[in-house]
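Student: Here you go, protein-v1.cif (mmCIF, C-alpha atoms):
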```
data_query
loop_
_atom_site.group_PDB
_atom_site.id
_atom_site.type_symbol
_atom_site.label_atom_id
_atom_site.label_comp_id
_atom_site.auth_asym_id
_atom_site.auth_seq_id
_atom_site.Cartn_x
_atom_site.Cartn_y
_atom_site.Cartn_z
ATOM 1 C CA MET A 1 -4.373 49.452 12.922
ATOM 2 C CA LEU A 2 -6.210 47.190 15.324
ATOM 3 C CA ARG A 3 -7.851 45.478 12.348
ATOM 4 C CA ASN A 4 -4.505 43.931 11.299
ATOM 5 C CA ALA A 5 -3.684 42.534 14.738
ATOM 6 C CA VAL A 6 -5.533 39.247 14.162
ATOM 7 C CA VAL A 7 -4.773 37.539 10.854
ATOM 8 C CA VAL A 8 -6.762 34.432 9.959
ATOM 9 C CA HIS A 9 -6.327 32.606 6.669
ATOM 10 C CA TYR A 10 -9.789 31.353 5.815
ATOM 11 C CA ALA A 11 -8.582 29.559 2.679
ATOM 12 C CA GLY A 12 -7.250 26.677 4.785
ATOM 13 C CA VAL A 13 -10.253 26.508 7.117
ATOM 14 C CA VAL A 14 -13.057 26.246 4.565
ATOM 15 C CA PRO A 15 -11.962 22.950 2.909
ATOM 16 C CA MET A 16 -11.394 21.337 6.312
ATOM 17 C CA LEU A 17 -14.813 22.484 7.487
ATOM 18 C CA GLY A 18 -16.380 21.091 4.330
ATOM 19 C CA LEU A 19 -14.589 17.770 4.798
ATOM 20 C CA ALA A 20 -15.723 17.610 8.420
ATOM 21 C CA MET A 21 -19.327 18.265 7.363
ATOM 22 C CA VAL A 22 -19.158 15.482 4.744
ATOM 23 C CA PHE A 23 -17.813 13.006 7.310
ATOM 24 C CA LEU A 24 -20.485 14.087 9.801
ATOM 25 C CA TRP A 25 -23.194 13.629 7.169
ATOM 26 C CA PHE A 26 -21.846 10.143 6.357
ATOM 27 C CA ARG A 27 -21.811 9.294 10.052
ATOM 28 C CA LEU A 28 -25.367 10.502 10.646
ATOM 29 C CA THR A 29 -26.771 8.674 7.598
ATOM 30 C CA GLY A 30 -25.089 5.412 8.574
ATOM 31 C CA VAL A 31 -22.680 5.226 5.653
ATOM 32 C CA GLY A 32 -19.329 3.812 6.690
ATOM 33 C CA VAL A 33 -16.441 5.793 5.241
ATOM 34 C CA ARG A 34 -14.244 2.688 5.338
ATOM 35 C CA ASP A 35 -16.855 0.655 3.437
ATOM 36 C CA LEU A 36 -17.333 3.488 0.954
ATOM 37 C CA CYS A 37 -13.582 3.684 0.313
ATOM 38 C CA MET A 38 -13.332 -0.101 -0.095
ATOM 39 C CA GLN A 39 -16.206 -0.077 -2.590
ATOM 40 C CA LEU A 40 -14.546 2.759 -4.498
ATOM 41 C CA VAL A 41 -11.224 0.895 -4.654
ATOM 42 C CA LEU A 42 -12.893 -2.330 -5.769
ATOM 43 C CA THR A 43 -14.792 -0.459 -8.464
ATOM 44 C CA VAL A 44 -11.660 1.207 -9.834
ATOM 45 C CA VAL A 45 -9.578 -1.985 -9.621
ATOM 46 C CA GLY A 46 -12.325 -3.959 -11.345
ATOM 47 C CA TYR A 47 -12.326 -1.620 -14.304
ATOM 48 C CA LEU A 48 -8.535 -1.613 -14.547
ATOM 49 C CA ARG A 49 -8.205 -5.390 -14.372
ATOM 50 C CA PRO A 50 -6.940 -6.917 -17.623
ATOM 51 C CA ARG A 51 -9.228 -9.175 -19.648
ATOM 52 C CA PRO A 52 -8.824 -12.904 -19.022
ATOM 53 C CA ASP A 53 -6.904 -15.109 -21.402
ATOM 54 C CA PRO A 54 -9.089 -15.707 -24.488
ATOM 55 C CA THR A 55 -8.433 -19.456 -24.480
ATOM 56 C CA VAL A 56 -9.586 -19.779 -20.870
ATOM 57 C CA GLU A 57 -12.642 -17.632 -21.550
ATOM 58 C CA ASN A 58 -13.575 -19.700 -24.620
ATOM 59 C CA ALA A 59 -13.079 -22.956 -22.685
ATOM 60 C CA LEU A 60 -15.398 -21.733 -19.919
ATOM 61 C CA ARG A 61 -18.008 -20.602 -22.407
ATOM 62 C CA THR A 62 -17.869 -23.983 -24.123
ATOM 63 C CA ALA A 63 -18.143 -25.835 -20.816
ATOM 64 C CA PHE A 64 -21.194 -23.808 -19.748
ATOM 65 C CA THR A 65 -22.788 -24.286 -23.155
ATOM 66 C CA ASP A 66 -22.336 -28.053 -22.856
ATOM 67 C CA LEU A 67 -23.741 -28.008 -19.321
ATOM 68 C CA ASP A 68 -26.747 -26.010 -20.484
ATOM 69 C CA ARG A 69 -27.323 -28.427 -23.381
ATOM 70 C CA GLN A 70 -27.113 -31.443 -21.036
ATOM 71 C CA LEU A 71 -29.499 -29.878 -18.520
ATOM 72 C CA THR A 72 -31.967 -29.115 -21.289
ATOM 73 C CA ALA A 73 -31.766 -32.733 -22.475
ATOM 74 C CA LEU A 74 -32.330 -34.019 -18.926
ATOM 75 C CA LEU A 75 -35.174 -31.697 -18.032
ATOM 76 C CA GLY A 76 -36.790 -31.466 -21.432
ATOM 77 C CA ASP A 77 -39.241 -28.698 -22.139
ATOM 78 C CA ARG A 78 -41.121 -29.050 -18.867
ATOM 79 C CA LEU A 79 -43.026 -26.057 -17.624
ATOM 80 C CA PRO A 80 -43.440 -25.417 -13.901
ATOM 81 C CA ARG A 81 -46.874 -26.465 -12.613
ATOM 82 C CA ASP A 82 -47.892 -22.933 -11.682
ATOM 83 C CA ALA A 83 -46.862 -21.441 -15.047
ATOM 84 C CA PRO A 84 -49.716 -20.842 -17.487
ATOM 85 C CA ASP A 85 -49.611 -22.658 -20.831
ATOM 86 C CA GLU A 86 -48.864 -20.451 -23.778
#
```
Represent the structure from my file as structure tokens, please.

Tutor:
Amino acid sequence: MLRNAVVVHYAGVVPMLGLAMVFLWFRLTGVGVRDLCMQLVLTVVGYLRPRPDPTVENALRTAFTDLDRQLTALLGDRLPRDAPDE
């Protein structure tokens, strides 16, 4: 009968203990929980972000292609001085 005098529900204690150990481990290893959560949110939001407008994307690609072509024309096929000739 004395065995039933103290009733403890361990099912609620174990997850909280595990969570406390994870936070302690993060704290001891120098990982910021706030930074970790922000990185997680940015990762999820980045994957859920809709694709840009195709016309804007094509215009940017064209602009960078033109810039690359102009830079190649200005610089020519010069090799850096420390690069070996092939």

Student: Please report, as lines of an AutoDock Vina configuration file, the centre and edge lengths in Å to one decimal of an axis-aligned box covering all listed atoms of range 33-36 of chain A with 6 Å per side.

Tutor:
```
center_x = -15.8
center_y = 3.2
center_z = 3.1
size_x = 15.1
size_y = 17.1
size_z = 16.4
```

Student: For CA of Gly18 in chain A and CA of Val44 in chain A, determine how far apart the two atoms are, in Å to one decimal place.

Tutor: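 CA of Val44 in chain A lies at a distance of 24.9 Å from CA of Gly18 in chain A.
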
Student: Name the closest residue to Phe23 in chain A among the candidates A:Tyr47, A:Ala59, A:Ala73, A:Leu36; distances are taken between atoms, counting all atoms listed in the file.

Tutor: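 So, comparing all the options, the nearest one is A:Leu36.
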
Student: Could you tell me how far CA of Cys37 in chain A lies from CA of Val22 in chain A, in Å and to one decimal?

Tutor: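 Pair CA of Cys37 in chain A / CA of Val22 in chain A returns 13.8 Å.
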
Student: As a CSV table (one decimal), in the coordinates of the input, could you write out range 14-28 of chain A once it has been completed with N, CA and C atoms?

Tutor:
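part04.csv written:
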```
chain,number,residue,atom,x,y,z
A,14,VAL,N,-11.8,26.6,5.3
A,14,VAL,CA,-13.1,26.2,4.6
A,14,VAL,C,-13.0,24.8,4.0
A,15,PRO,N,-12.0,24.4,3.4
A,15,PRO,CA,-12.0,23.0,2.9
A,15,PRO,C,-12.0,21.9,4.1
A,16,MET,N,-11.4,22.2,5.2
A,16,MET,CA,-11.4,21.3,6.3
A,16,MET,C,-12.8,21.3,6.9
A,17,LEU,N,-13.4,22.4,7.0
A,17,LEU,CA,-14.8,22.5,7.5
A,17,LEU,C,-15.7,21.7,6.6
A,18,GLY,N,-15.6,21.8,5.3
A,18,GLY,CA,-16.4,21.1,4.3
A,18,GLY,C,-16.2,19.6,4.5
A,19,LEU,N,-14.9,19.2,4.6
A,19,LEU,CA,-14.6,17.8,4.8
A,19,LEU,C,-15.2,17.2,6.1
A,20,ALA,N,-15.1,18.0,7.1
A,20,ALA,CA,-15.7,17.6,8.4
A,20,ALA,C,-17.2,17.5,8.3
A,21,MET,N,-17.9,18.4,7.6
A,21,MET,CA,-19.3,18.3,7.4
A,21,MET,C,-19.7,17.0,6.6
A,22,VAL,N,-18.9,16.7,5.5
A,22,VAL,CA,-19.2,15.5,4.7
A,22,VAL,C,-19.0,14.2,5.6
A,23,PHE,N,-18.0,14.2,6.4
A,23,PHE,CA,-17.8,13.0,7.3
A,23,PHE,C,-18.9,12.9,8.3
A,24,LEU,N,-19.4,14.1,8.9
A,24,LEU,CA,-20.5,14.1,9.8
A,24,LEU,C,-21.8,13.6,9.1
A,25,TRP,N,-22.0,14.1,7.9
A,25,TRP,CA,-23.2,13.6,7.2
A,25,TRP,C,-23.2,12.1,6.9
A,26,PHE,N,-22.0,11.6,6.5
A,26,PHE,CA,-21.8,10.1,6.4
A,26,PHE,C,-22.1,9.4,7.7
A,27,ARG,N,-21.6,9.9,8.8
A,27,ARG,CA,-21.8,9.3,10.1
A,27,ARG,C,-23.3,9.3,10.5
A,28,LEU,N,-24.0,10.4,10.2
A,28,LEU,CA,-25.4,10.5,10.6
A,28,LEU,C,-26.3,9.7,9.8
```
